[in-house]
Amino acid sequence: MSDKPKNYMNPYLAGIMLGLVLLATIYITGRGLGASGAMKSVEVGVVNAIAPNHTANAKFYQEYFQEHPNGIFNNWLVFEVVGVILGAFLSGLVSNRLTFKLERPEKVKSATRIVGAFVGGMFFGLGAQFARGCTSGAALSGMAVLSTGGIITMFCIFGGAYLFAYFFRKLWL
Amino acid sequence: MGPLIPSEGLNLVIGLFIGIAFGFTLEQAGFSTSKKLVGMFYGYDFTVLRVFFTGGLVAMIGVVILAHFGLLDMSLVYINPTYLWSAILGGLIMGLGFVIGGFCPGTGICAAAIGKIDGIIFVIGTIFGVVVFAEGYPLFEGIYWDKYLGNVQMNETLHISQGLFVFLFMAFGAIAFIVTQIIEEKVNGKPNPVLQPKSRYIGFSALIFLLGLSAFILPNPEDYKPAQIKNEVEKGNYQVAYISPDELALRLINNDENIKIYDFRPPEQFAKVSLPNSINLKIVDLYRKGSNKLISGDPQIKKIIIANDEKDAITAEEIIKNKGYKNLYVLQGGMQAFTNDIINFKMPVTMAGISPNLIATYTFRDNASKTIEQLIKDSKKSNVIVKDKKRVLGGC
């Protein structure tokens with residue numbers, strides 16, 4: 001067995017697989033896939049542990065607790081995202097892609113990539129709150145059920161990325 | 001009929017397995033590397049667009065097909081609500097995050113799972129992004145809840161048929177696939193080795209195109225079937241069994257336990273006046289998940305279908321008959337006739353020249369009018385109005 005990473009799956013085939021996973025999800029559970037919701041749970045869990053007085057008083061957390069009466073982590077998306085971690089790990093394992101490294105374009109410094117990943121993540125996390133979901137929960141799942149908001153968000157994510165791409169080309173090219 | 005909606009504990013376990021399939025697929029597709037993800041914004045790698053759009057289209061068409069064949073009750077499926085300004089603003093902020101960070105939350109998690117440090121940092125970043133939102137919430141609250149359009153679907157927003165919208169969306173996807181491949185080849189100066197031979201992809205596109213066309217002839221049954229049946233009713237094309245107002249009145253007075261009344265009048269009217277032992281239904285309820293539990297499956301029970309208009313009752317009767325129910329009766333003349341002949345019956349002032357048979361009928365009606373008025377009063381609390389079930393709560 002060679003240690004060379006295997007090729008990625010044909011994109012259209014992977015797309016069909018992704019579509020079928022999403023369709024099965026909708027048929028079984030009546031809801032779509034998601035990712036950022038689990039991060040919200042983690043955020044609420046951590047802040048709640050550090051500063052319970054704050055979460056008891058701030059409106060954002062009060063609304064969260066009202067919407068999640070079963071507890072912060074007893075939540076479908078949290079279980080689904082734990083699955084995503086396992087699934088991605090499994091895929092990395094069978095395709096020899098497990099590593100421990102900072103991936104960055106050659107011309108880009110490690111520090112730049114680290115800051116970029118953090119700041120980019122922050123924007124994504126913030127935007128996902130406004131849009132009530134991220135690329136998975138709002139854009140992809142919204143598209144499957146023809147949701148107006150989901151489709152608008154999808155076009156804004158990709159449109160916005162194209163709009164801003166020129167200004168951040170030094171991070172990638 | 002879907003969605004199956006398993007019990008809470010089981011649902012969580014299913015969520016775990018769905019997540020495994022989701023994560024595995026994303027990683028196999030190459031979504032665990034930021035180079036591939038941002039490639040589409042700089043023109044050198046459109047993998048993400050191909051996977052994402054194919055996935056969305058497959059799921060969309062699947063949903064439309066399942067709904068068409070009555071296998072998926074869309075009124076129970078979570079449709080992301082639309083808060084217009086927030087959806088736009090959030091999308092743009094995420095776009096900014098995408099080109100700076102090189103991931104989105106789902107793909108960042110995949111990258112982190114296979115040990116990419118940039119993925120781990122990105123995920124930590126998103127958690128801080130939520131902190132920013134939480135702390136600024138009093139400031140953002142206004143725009144966050146503004147311009148609410150409901151759980152609307154794009155075809156409703158654009159006032160076009162669902163089929164046309166799905167078709168246009170597919171056409172958009174197909175064009176995007178072709179154009180981005182041309183761009184990619186120009187930027188890289190060579191064809192993508194993964195996407196050869198081309199003939200296979202032309203065949204594939206044709207298949208997608210045909211599927212898209214099929215969406216035209218796949219509207220949701222509740223959107224066209226009742227109108228279709230009503231049209232046939234107008235032409236008098238159905239043979240139905242009738243029950244006369246007098247017979248129904250007699251059975252009600254005798255407290256006949258072998259009848260059940262299905263009332264298709266508007267809920268407001270039903271709330272005001274409804275016959276004993278009756279259920280208020282809407283035509284769409286017959287297309288909902290669990291509709292077979294609404295109507296008695298006992299073949300001994302006479303199922304009496306009433307509406308204001310006899311033709312509406314026949315429409316409902318035909319839909320119920322198509323589901324395999326037997327022993328169905330339509331109230332002759334509709335609730336209109338029952339109201340005139342029984343509930344509001346007034347004895348003629350003079351009986352001169354009226355046949356003895358008719359006099360007997362009139363006497364019966366006069367008595368029935370009083371008895372049934374009392375029955376209606378007594379049954380007011382026990383009668384059922386079928387409420388809409390709640391959608392599944394989803395989203396991030």
# chains A, B, ... in the order shown; residues from 1 in each chain; ligands from 1
>>> residues_around(residues="Arg113 of chain A", least_positions_apart="2", cutoff="10 Å", atoms="only C-alpha atoms", output="number ranges by chain")
A: 102-105, 108-111, 115-119, 171-172; B: 100-102, 118, 121
>>> write_last_selection(atoms="all heavy atoms", output="compact mmCIF listing (two decimals), in the first residue's frame")
# COMPACT_ATOMS: atom_id res chain seq x y z
N LEU A 102 -0.20 23.00 8.71
CA LEU A 102 -0.88 24.23 8.30
C LEU A 102 -0.77 24.31 6.79
O LEU A 102 0.33 24.41 6.24
CB LEU A 102 -0.20 25.44 8.94
CG LEU A 102 -0.85 26.78 8.64
CD1 LEU A 102 -2.09 26.98 9.48
CD2 LEU A 102 0.14 27.91 8.87
N GLU A 103 -1.89 24.25 6.13
CA GLU A 103 -1.85 24.30 4.68
C GLU A 103 -1.91 25.75 4.23
O GLU A 103 -2.75 26.52 4.67
CB GLU A 103 -3.04 23.54 4.10
CG GLU A 103 -2.89 23.29 2.62
CD GLU A 103 -4.12 22.61 2.03
OE1 GLU A 103 -5.25 22.87 2.50
OE2 GLU A 103 -3.95 21.81 1.11
N ARG A 104 -0.97 26.13 3.36
CA ARG A 104 -0.96 27.52 2.87
C ARG A 104 -0.29 27.55 1.50
O ARG A 104 0.55 26.70 1.19
CB ARG A 104 -0.19 28.42 3.84
CG ARG A 104 1.26 28.00 3.99
CD ARG A 104 1.98 28.75 5.08
NE ARG A 104 3.23 28.05 5.38
CZ ARG A 104 4.37 28.27 4.73
NH1 ARG A 104 4.44 29.15 3.75
NH2 ARG A 104 5.46 27.59 5.04
N PRO A 105 -0.66 28.53 0.68
CA PRO A 105 0.04 28.70 -0.60
C PRO A 105 1.52 29.02 -0.33
O PRO A 105 1.84 29.66 0.67
CB PRO A 105 -0.66 29.90 -1.24
CG PRO A 105 -1.98 29.99 -0.54
CD PRO A 105 -1.76 29.49 0.83
N VAL A 108 2.75 32.47 0.76
CA VAL A 108 2.09 33.08 1.92
C VAL A 108 2.73 32.59 3.20
O VAL A 108 2.99 31.40 3.38
CB VAL A 108 0.58 32.73 1.90
CG1 VAL A 108 -0.12 33.26 3.14
CG2 VAL A 108 -0.07 33.30 0.64
N LYS A 109 3.01 33.56 4.11
CA LYS A 109 3.63 33.20 5.39
C LYS A 109 2.66 32.47 6.29
O LYS A 109 1.45 32.71 6.24
CB LYS A 109 4.10 34.48 6.09
CG LYS A 109 5.39 35.04 5.54
CD LYS A 109 5.90 36.14 6.49
CE LYS A 109 6.47 37.30 5.70
NZ LYS A 109 5.90 38.59 6.02
N SER A 110 3.20 31.63 7.18
CA SER A 110 2.35 30.88 8.11
C SER A 110 1.50 31.82 8.94
O SER A 110 0.30 31.61 9.13
CB SER A 110 3.20 30.03 9.06
OG SER A 110 3.82 29.01 8.33
N ALA A 111 2.13 32.90 9.46
CA ALA A 111 1.41 33.83 10.33
C ALA A 111 0.23 34.44 9.57
O ALA A 111 -0.87 34.58 10.12
CB ALA A 111 2.35 34.92 10.82
N VAL A 115 -3.70 34.10 10.73
CA VAL A 115 -4.58 35.26 10.96
C VAL A 115 -5.76 35.22 9.98
O VAL A 115 -6.91 35.45 10.38
CB VAL A 115 -3.79 36.59 10.80
CG1 VAL A 115 -4.74 37.78 10.87
CG2 VAL A 115 -2.72 36.68 11.88
N GLY A 116 -5.46 34.90 8.71
CA GLY A 116 -6.52 34.83 7.71
C GLY A 116 -7.59 33.82 8.09
O GLY A 116 -8.79 34.10 8.01
N ALA A 117 -7.15 32.63 8.50
CA ALA A 117 -8.11 31.57 8.85
C ALA A 117 -8.97 32.02 10.03
O ALA A 117 -10.19 31.82 10.03
CB ALA A 117 -7.38 30.28 9.20
N PHE A 118 -8.34 32.67 11.02
CA PHE A 118 -9.10 33.10 12.20
C PHE A 118 -10.09 34.20 11.85
O PHE A 118 -11.29 34.11 12.17
CB PHE A 118 -8.14 33.57 13.30
CG PHE A 118 -8.86 33.92 14.57
CD1 PHE A 118 -9.26 32.92 15.45
CD2 PHE A 118 -9.17 35.24 14.88
CE1 PHE A 118 -9.94 33.24 16.62
CE2 PHE A 118 -9.86 35.55 16.03
CZ PHE A 118 -10.24 34.55 16.91
N VAL A 119 -9.59 35.24 11.16
CA VAL A 119 -10.46 36.37 10.82
C VAL A 119 -11.57 35.93 9.86
O VAL A 119 -12.75 36.30 10.04
CB VAL A 119 -9.63 37.53 10.19
CG1 VAL A 119 -10.54 38.64 9.69
CG2 VAL A 119 -8.64 38.06 11.22
N LEU A 171 -3.57 36.66 -0.50
CA LEU A 171 -3.66 35.55 0.46
C LEU A 171 -3.60 34.19 -0.22
O LEU A 171 -3.36 33.18 0.43
CB LEU A 171 -4.97 35.64 1.26
CG LEU A 171 -5.15 36.80 2.24
CD1 LEU A 171 -6.53 36.74 2.89
CD2 LEU A 171 -4.07 36.75 3.32
N TRP A 172 -3.86 34.17 -1.53
CA TRP A 172 -4.00 32.87 -2.21
C TRP A 172 -3.13 32.70 -3.43
O TRP A 172 -2.76 31.57 -3.76
CB TRP A 172 -5.47 32.66 -2.61
CG TRP A 172 -6.39 32.77 -1.45
CD1 TRP A 172 -7.23 33.81 -1.17
CD2 TRP A 172 -6.51 31.86 -0.36
NE1 TRP A 172 -7.87 33.59 0.01
CE2 TRP A 172 -7.46 32.40 0.53
CE3 TRP A 172 -5.91 30.63 -0.05
CZ2 TRP A 172 -7.82 31.76 1.71
CZ3 TRP A 172 -6.29 29.98 1.11
CH2 TRP A 172 -7.21 30.55 1.97
N ILE B 100 -11.34 35.28 2.81
CA ILE B 100 -10.25 35.52 3.77
C ILE B 100 -9.82 34.21 4.43
O ILE B 100 -8.64 33.91 4.54
CB ILE B 100 -10.67 36.55 4.84
CG1 ILE B 100 -11.01 37.90 4.18
CG2 ILE B 100 -9.55 36.74 5.87
CD1 ILE B 100 -11.53 38.94 5.15
N GLY B 101 -10.80 33.43 4.84
CA GLY B 101 -10.49 32.22 5.61
C GLY B 101 -10.27 30.97 4.78
O GLY B 101 -9.60 30.04 5.22
N GLY B 102 -10.88 30.93 3.60
CA GLY B 102 -10.67 29.77 2.74
C GLY B 102 -11.55 28.57 3.06
O GLY B 102 -11.39 27.52 2.44
N ASP B 118 -5.00 24.99 9.77
CA ASP B 118 -5.77 26.17 9.33
C ASP B 118 -7.27 25.93 9.50
O ASP B 118 -8.03 26.85 9.81
CB ASP B 118 -5.43 26.57 7.89
CG ASP B 118 -5.33 25.38 6.96
OD1 ASP B 118 -4.96 24.28 7.42
OD2 ASP B 118 -5.64 25.53 5.76
N ILE B 121 -8.08 26.41 13.19
CA ILE B 121 -8.12 27.84 13.54
C ILE B 121 -9.38 28.50 12.98
O ILE B 121 -10.01 29.32 13.64
CB ILE B 121 -6.84 28.55 13.01
CG1 ILE B 121 -5.63 28.00 13.76
CG2 ILE B 121 -6.94 30.06 13.16
CD1 ILE B 121 -4.31 28.37 13.14
>>> residues_around(residues="Ile320 of chain B", least_positions_apart="2", cutoff="10 Å", atoms="only C-alpha atoms", output="list in words")
Ile283, Leu286, Ser291, Asn292, Ile295, Ile305, Ile314, Thr315, Ala316, Glu317, Glu318, Asn322, Lys323, Gly324, Tyr325, Lys326 and Leu328 of chain B
>>> residues_around(residues="Met17 of chain A", least_positions_apart="4", cutoff="10 Å", atoms="only C-alpha atoms", output="ChimeraX atom specification")
/A:11-13,21-23 /B:21-22,25-26,29,51,54-55,58-59
>>> write_last_selection(atoms="C-alpha atoms", output="PDB file, in the first residue's frame")
ATOM      1  CA  PRO A  11     -16.921  16.398  -8.514  1.00  0.00           C
ATOM      2  CA  TYR A  12     -20.201  15.539 -10.227  1.00  0.00           C
ATOM      3  CA  LEU A  13     -20.304  12.119  -8.615  1.00  0.00           C
ATOM      4  CA  VAL A  21     -27.441  12.508   1.566  1.00  0.00           C
ATOM      5  CA  LEU A  22     -29.341  15.797   1.791  1.00  0.00           C
ATOM      6  CA  LEU A  23     -32.472  14.296   0.232  1.00  0.00           C
TER       7      LEU A  23
ATOM      8  CA  ALA B  21     -22.164  10.448   5.402  1.00  0.00           C
ATOM      9  CA  PHE B  22     -22.074  14.232   4.976  1.00  0.00           C
ATOM     10  CA  THR B  25     -18.713  13.032   1.094  1.00  0.00           C
ATOM     11  CA  LEU B  26     -17.351  16.536   1.668  1.00  0.00           C
ATOM     12  CA  ALA B  29     -14.988  15.779  -2.815  1.00  0.00           C
ATOM     13  CA  VAL B  51     -20.145  19.578  -6.145  1.00  0.00           C
ATOM     14  CA  THR B  54     -24.952  19.270  -8.355  1.00  0.00           C
ATOM     15  CA  GLY B  55     -25.790  18.369  -4.757  1.00  0.00           C
ATOM     16  CA  VAL B  58     -30.185  16.571  -7.005  1.00  0.00           C
ATOM     17  CA  ALA B  59     -31.780  17.242  -3.620  1.00  0.00           C
TER      18      ALA B  59
END
>>> residues_around(residues="Ile93 of chain B", least_positions_apart="2", cutoff="9 Å", atoms="only C-alpha atoms", output="list of chain:residue names")
A:Phe123, A:Phe124, A:Leu126, A:Gly127, A:Ala128, A:Phe130, A:Cys156, A:Ile157, A:Gly160, A:Ala161, B:Ile88, B:Leu89, B:Gly90, B:Gly91, B:Gly95, B:Leu96, B:Gly97, B:Phe98
>>> select_by_dssp(residues="segment 178-371 of chain B", states="strand (DSSP E or B)", output="list in words")
Tyr242, Ile243, Ile259, Lys260, Ile261, Tyr262, Asp263, Ser278, Ile279, Asn280, Lys302, Lys303, Ile304, Ile305, Ile306, Leu328, Tyr329, Val330 and Leu331 of chain B
>>> write_last_selection(atoms="N, CA, C and O atoms", output="mmCIF file, in the first residue's frame")
data_model
loop_
_atom_site.group_PDB
_atom_site.id
_atom_site.type_symbol
_atom_site.label_atom_id
_atom_site.label_comp_id
_atom_site.auth_asym_id
_atom_site.auth_seq_id
_atom_site.Cartn_x
_atom_site.Cartn_y
_atom_site.Cartn_z
ATOM 1 N N TYR B 242 -75.846 9.302 -2.821
ATOM 2 C CA TYR B 242 -76.317 10.481 -2.090
ATOM 3 C C TYR B 242 -77.038 10.083 -0.814
ATOM 4 O O TYR B 242 -77.570 8.982 -0.707
ATOM 5 N N ILE B 243 -77.036 10.982 0.118
ATOM 6 C CA ILE B 243 -77.934 10.854 1.265
ATOM 7 C C ILE B 243 -78.770 12.134 1.286
ATOM 8 O O ILE B 243 -78.238 13.233 1.101
ATOM 9 N N ILE B 259 -72.760 6.313 11.563
ATOM 10 C CA ILE B 259 -72.417 7.355 10.592
ATOM 11 C C ILE B 259 -71.326 8.252 11.158
ATOM 12 O O ILE B 259 -71.160 8.377 12.377
ATOM 13 N N LYS B 260 -70.594 8.825 10.233
ATOM 14 C CA LYS B 260 -69.558 9.779 10.614
ATOM 15 C C LYS B 260 -69.623 10.882 9.560
ATOM 16 O O LYS B 260 -69.747 10.600 8.365
ATOM 17 N N ILE B 261 -69.550 12.133 10.011
ATOM 18 C CA ILE B 261 -69.716 13.241 9.069
ATOM 19 C C ILE B 261 -68.389 13.959 8.851
ATOM 20 O O ILE B 261 -67.690 14.304 9.819
ATOM 21 N N TYR B 262 -68.053 14.127 7.593
ATOM 22 C CA TYR B 262 -66.830 14.864 7.233
ATOM 23 C C TYR B 262 -67.256 16.167 6.572
ATOM 24 O O TYR B 262 -67.843 16.164 5.492
ATOM 25 N N ASP B 263 -66.968 17.243 7.252
ATOM 26 C CA ASP B 263 -67.523 18.537 6.885
ATOM 27 C C ASP B 263 -66.431 19.392 6.230
ATOM 28 O O ASP B 263 -65.437 19.727 6.871
ATOM 29 N N SER B 278 -69.213 15.219 13.882
ATOM 30 C CA SER B 278 -68.593 15.595 12.610
ATOM 31 C C SER B 278 -67.173 16.129 12.810
ATOM 32 O O SER B 278 -66.803 16.557 13.902
ATOM 33 N N ILE B 279 -66.402 16.015 11.729
ATOM 34 C CA ILE B 279 -65.015 16.498 11.720
ATOM 35 C C ILE B 279 -64.894 17.529 10.618
ATOM 36 O O ILE B 279 -65.393 17.309 9.517
ATOM 37 N N ASN B 280 -64.248 18.633 10.908
ATOM 38 C CA ASN B 280 -64.036 19.657 9.891
ATOM 39 C C ASN B 280 -62.692 19.420 9.205
ATOM 40 O O ASN B 280 -61.651 19.345 9.840
ATOM 41 N N LYS B 302 -70.982 4.515 7.693
ATOM 42 C CA LYS B 302 -71.366 5.364 6.565
ATOM 43 C C LYS B 302 -70.638 6.693 6.714
ATOM 44 O O LYS B 302 -70.797 7.371 7.735
ATOM 45 N N LYS B 303 -69.853 7.021 5.700
ATOM 46 C CA LYS B 303 -69.083 8.260 5.776
ATOM 47 C C LYS B 303 -69.792 9.326 4.942
ATOM 48 O O LYS B 303 -69.886 9.200 3.726
ATOM 49 N N ILE B 304 -70.293 10.318 5.638
ATOM 50 C CA ILE B 304 -71.115 11.319 4.953
ATOM 51 C C ILE B 304 -70.298 12.592 4.743
ATOM 52 O O ILE B 304 -69.725 13.130 5.697
ATOM 53 N N ILE B 305 -70.223 13.006 3.493
ATOM 54 C CA ILE B 305 -69.380 14.140 3.162
ATOM 55 C C ILE B 305 -70.252 15.334 2.847
ATOM 56 O O ILE B 305 -71.133 15.264 1.982
ATOM 57 N N ILE B 306 -70.010 16.397 3.588
ATOM 58 C CA ILE B 306 -70.825 17.578 3.355
ATOM 59 C C ILE B 306 -69.960 18.801 3.074
ATOM 60 O O ILE B 306 -68.814 18.884 3.511
ATOM 61 N N LEU B 328 -69.209 5.673 1.052
ATOM 62 C CA LEU B 328 -69.182 7.138 1.089
ATOM 63 C C LEU B 328 -70.493 7.708 0.553
ATOM 64 O O LEU B 328 -71.024 7.219 -0.445
ATOM 65 N N TYR B 329 -71.002 8.722 1.219
ATOM 66 C CA TYR B 329 -72.251 9.366 0.790
ATOM 67 C C TYR B 329 -72.067 10.879 0.755
ATOM 68 O O TYR B 329 -71.436 11.445 1.636
ATOM 69 N N VAL B 330 -72.658 11.478 -0.271
ATOM 70 C CA VAL B 330 -72.594 12.938 -0.386
ATOM 71 C C VAL B 330 -73.954 13.502 0.019
ATOM 72 O O VAL B 330 -74.992 12.983 -0.395
ATOM 73 N N LEU B 331 -73.925 14.532 0.848
ATOM 74 C CA LEU B 331 -75.188 15.150 1.264
ATOM 75 C C LEU B 331 -75.806 15.877 0.073
ATOM 76 O O LEU B 331 -75.203 16.781 -0.502
#
>>> atom_distance(atom1="atom CA of Asp73 of chain B", atom2="atom CA of Tyr148 of chain B")
23.8 Å
>>> residues_around(residues="segment 44-47 of chain B", least_positions_apart="6", cutoff="9 Å", atoms="only C-alpha atoms", output="PDB file with N, CA, C and O atoms, in the first residue's frame")
ATOM      1  N   ASN A  10     -14.593  12.323  -8.348  1.00  0.00           N
ATOM      2  CA  ASN A  10     -15.125  13.144  -9.435  1.00  0.00           C
ATOM      3  C   ASN A  10     -16.171  14.108  -8.867  1.00  0.00           C
ATOM      4  O   ASN A  10     -17.070  13.692  -8.143  1.00  0.00           O
ATOM      5  N   PRO A  11     -16.048  15.407  -9.176  1.00  0.00           N
ATOM      6  CA  PRO A  11     -16.921  16.398  -8.514  1.00  0.00           C
ATOM      7  C   PRO A  11     -18.414  16.180  -8.761  1.00  0.00           C
ATOM      8  O   PRO A  11     -19.225  16.410  -7.861  1.00  0.00           O
ATOM      9  N   TYR A  12     -18.774  15.735  -9.962  1.00  0.00           N
ATOM     10  CA  TYR A  12     -20.201  15.539 -10.227  1.00  0.00           C
ATOM     11  C   TYR A  12     -20.736  14.335  -9.467  1.00  0.00           C
ATOM     12  O   TYR A  12     -21.857  14.344  -8.958  1.00  0.00           O
TER      13      TYR A  12
ATOM     14  N   ALA B  29     -14.844  14.820  -1.714  1.00  0.00           N
ATOM     15  CA  ALA B  29     -14.988  15.779  -2.815  1.00  0.00           C
ATOM     16  C   ALA B  29     -13.823  16.759  -2.869  1.00  0.00           C
ATOM     17  O   ALA B  29     -13.637  17.454  -3.860  1.00  0.00           O
ATOM     18  N   GLY B  30     -13.034  16.828  -1.794  1.00  0.00           N
ATOM     19  CA  GLY B  30     -11.903  17.754  -1.782  1.00  0.00           C
ATOM     20  C   GLY B  30     -12.194  19.041  -1.042  1.00  0.00           C
ATOM     21  O   GLY B  30     -11.486  20.034  -1.201  1.00  0.00           O
ATOM     22  N   PHE B  31     -13.234  19.020  -0.212  1.00  0.00           N
ATOM     23  CA  PHE B  31     -13.615  20.233   0.509  1.00  0.00           C
ATOM     24  C   PHE B  31     -12.790  20.446   1.775  1.00  0.00           C
ATOM     25  O   PHE B  31     -13.051  21.367   2.533  1.00  0.00           O
ATOM     26  N   LYS B  35      -7.256  25.454  -0.636  1.00  0.00           N
ATOM     27  CA  LYS B  35      -6.799  25.782  -1.997  1.00  0.00           C
ATOM     28  C   LYS B  35      -7.883  25.481  -3.013  1.00  0.00           C
ATOM     29  O   LYS B  35      -8.104  26.226  -3.958  1.00  0.00           O
ATOM     30  N   LYS B  36      -8.547  24.342  -2.822  1.00  0.00           N
ATOM     31  CA  LYS B  36      -9.611  23.949  -3.737  1.00  0.00           C
ATOM     32  C   LYS B  36     -10.840  24.845  -3.540  1.00  0.00           C
ATOM     33  O   LYS B  36     -11.494  25.222  -4.498  1.00  0.00           O
ATOM     34  N   LEU B  37     -11.108  25.184  -2.294  1.00  0.00           N
ATOM     35  CA  LEU B  37     -12.314  25.960  -2.008  1.00  0.00           C
ATOM     36  C   LEU B  37     -12.248  27.359  -2.605  1.00  0.00           C
ATOM     37  O   LEU B  37     -13.195  27.821  -3.224  1.00  0.00           O
ATOM     38  N   VAL B  38     -11.112  28.043  -2.394  1.00  0.00           N
ATOM     39  CA  VAL B  38     -11.042  29.405  -2.941  1.00  0.00           C
ATOM     40  C   VAL B  38     -10.729  29.395  -4.430  1.00  0.00           C
ATOM     41  O   VAL B  38     -10.834  30.424  -5.083  1.00  0.00           O
ATOM     42  N   PHE B 177     -21.878  25.282 -15.172  1.00  0.00           N
ATOM     43  CA  PHE B 177     -20.927  24.171 -15.310  1.00  0.00           C
ATOM     44  C   PHE B 177     -20.075  24.341 -16.564  1.00  0.00           C
ATOM     45  O   PHE B 177     -18.860  24.138 -16.547  1.00  0.00           O
ATOM     46  N   THR B 180     -17.799  27.744 -16.388  1.00  0.00           N
ATOM     47  CA  THR B 180     -16.683  27.664 -15.445  1.00  0.00           C
ATOM     48  C   THR B 180     -15.609  26.698 -15.950  1.00  0.00           C
ATOM     49  O   THR B 180     -14.428  26.899 -15.692  1.00  0.00           O
ATOM     50  N   GLN B 181     -16.022  25.679 -16.692  1.00  0.00           N
ATOM     51  CA  GLN B 181     -15.014  24.768 -17.238  1.00  0.00           C
ATOM     52  C   GLN B 181     -14.132  25.492 -18.263  1.00  0.00           C
ATOM     53  O   GLN B 181     -12.917  25.312 -18.290  1.00  0.00           O
ATOM     54  N   ILE B 183     -13.556  28.756 -18.312  1.00  0.00           N
ATOM     55  CA  ILE B 183     -12.700  29.681 -17.549  1.00  0.00           C
ATOM     56  C   ILE B 183     -11.530  28.927 -16.945  1.00  0.00           C
ATOM     57  O   ILE B 183     -10.368  29.338 -17.056  1.00  0.00           O
ATOM     58  N   GLU B 184     -11.838  27.786 -16.330  1.00  0.00           N
ATOM     59  CA  GLU B 184     -10.805  26.994 -15.665  1.00  0.00           C
ATOM     60  C   GLU B 184      -9.702  26.590 -16.641  1.00  0.00           C
ATOM     61  O   GLU B 184      -8.517  26.704 -16.336  1.00  0.00           O
ATOM     62  N   GLU B 185     -10.098  26.151 -17.838  1.00  0.00           N
ATOM     63  CA  GLU B 185      -9.103  25.734 -18.833  1.00  0.00           C
ATOM     64  C   GLU B 185      -8.252  26.915 -19.285  1.00  0.00           C
ATOM     65  O   GLU B 185      -7.047  26.782 -19.507  1.00  0.00           O
ATOM     66  N   LYS B 186      -8.862  28.090 -19.418  1.00  0.00           N
ATOM     67  CA  LYS B 186      -8.123  29.298 -19.814  1.00  0.00           C
ATOM     68  C   LYS B 186      -7.108  29.666 -18.733  1.00  0.00           C
ATOM     69  O   LYS B 186      -5.940  29.933 -19.013  1.00  0.00           O
ATOM     70  N   VAL B 187      -7.569  29.701 -17.473  1.00  0.00           N
ATOM     71  CA  VAL B 187      -6.704  30.121 -16.366  1.00  0.00           C
ATOM     72  C   VAL B 187      -5.533  29.161 -16.206  1.00  0.00           C
ATOM     73  O   VAL B 187      -4.387  29.558 -16.026  1.00  0.00           O
ATOM     74  N   ASN B 188      -5.826  27.860 -16.282  1.00  0.00           N
ATOM     75  CA  ASN B 188      -4.780  26.864 -16.053  1.00  0.00           C
ATOM     76  C   ASN B 188      -3.983  26.542 -17.315  1.00  0.00           C
ATOM     77  O   ASN B 188      -2.941  25.889 -17.244  1.00  0.00           O
TER      78      ASN B 188
END
>>> residues_around(residues="Lys346 of chain B", least_positions_apart="2", cutoff="7 Å", atoms="only C-alpha atoms", output="VMD selection string")
chain B and resid 344 348 366
>>> write_last_selection(atoms="all heavy atoms", output="PDB file, in the first residue's frame")
ATOM      1  N   ASN B 344     -83.683  25.300   9.320  1.00  0.00           N
ATOM      2  CA  ASN B 344     -84.547  26.496   9.323  1.00  0.00           C
ATOM      3  C   ASN B 344     -85.942  26.208   8.801  1.00  0.00           C
ATOM      4  O   ASN B 344     -86.611  27.099   8.270  1.00  0.00           O
ATOM      5  CB  ASN B 344     -83.900  27.596   8.466  1.00  0.00           C
ATOM      6  CG  ASN B 344     -82.600  28.081   9.071  1.00  0.00           C
ATOM      7  OD1 ASN B 344     -82.382  27.935  10.265  1.00  0.00           O
ATOM      8  ND2 ASN B 344     -81.745  28.640   8.236  1.00  0.00           N
ATOM      9  N   PRO B 348     -95.531  25.404   6.212  1.00  0.00           N
ATOM     10  CA  PRO B 348     -96.332  26.314   5.386  1.00  0.00           C
ATOM     11  C   PRO B 348     -97.550  26.789   6.174  1.00  0.00           C
ATOM     12  O   PRO B 348     -98.050  26.073   7.054  1.00  0.00           O
ATOM     13  CB  PRO B 348     -96.764  25.439   4.208  1.00  0.00           C
ATOM     14  CG  PRO B 348     -95.890  24.240   4.250  1.00  0.00           C
ATOM     15  CD  PRO B 348     -95.421  24.069   5.645  1.00  0.00           C
ATOM     16  N   ASP B 366     -90.479  19.554  10.767  1.00  0.00           N
ATOM     17  CA  ASP B 366     -90.761  20.526  11.814  1.00  0.00           C
ATOM     18  C   ASP B 366     -90.218  20.029  13.157  1.00  0.00           C
ATOM     19  O   ASP B 366     -89.552  20.772  13.891  1.00  0.00           O
ATOM     20  CB  ASP B 366     -92.273  20.746  11.900  1.00  0.00           C
ATOM     21  CG  ASP B 366     -92.608  21.983  12.729  1.00  0.00           C
ATOM     22  OD1 ASP B 366     -91.827  22.973  12.625  1.00  0.00           O
ATOM     23  OD2 ASP B 366     -93.597  21.953  13.471  1.00  0.00           O
TER      24      ASP B 366
END
>>> atom_distance(atom1="atom CA of Met39 of chain A", atom2="atom CA of Glu63 of chain A")
16.3 Å
>>> closest_residue(among="B:Val166, B:Ile143, B:Ala111, B:Leu358", to="Leu98 of chain A", atoms="only C-alpha atoms")
B:Ala111
>>> atom_distance(atom1="atom CA of Tyr144 of chain B", atom2="atom CA of Pro81 of chain B")
12.0 Å
>>> closest_residue(among="A:Glu43, A:Asp3, A:Glu67, A:Glu106", to="Ile127 of chain B", atoms="only C-alpha atoms")
A:Glu43
>>> closest_residue(among="A:Ala58, A:Ala138, A:Met9, A:Ile114", to="Gly37 of chain A", atoms="only C-alpha atoms")
A:Ala138
>>> closest_residue(among="B:Ile5, B:Ala206, B:Ile354, B:Leu149", to="chain A", atoms="only C-alpha atoms")
B:Ile5
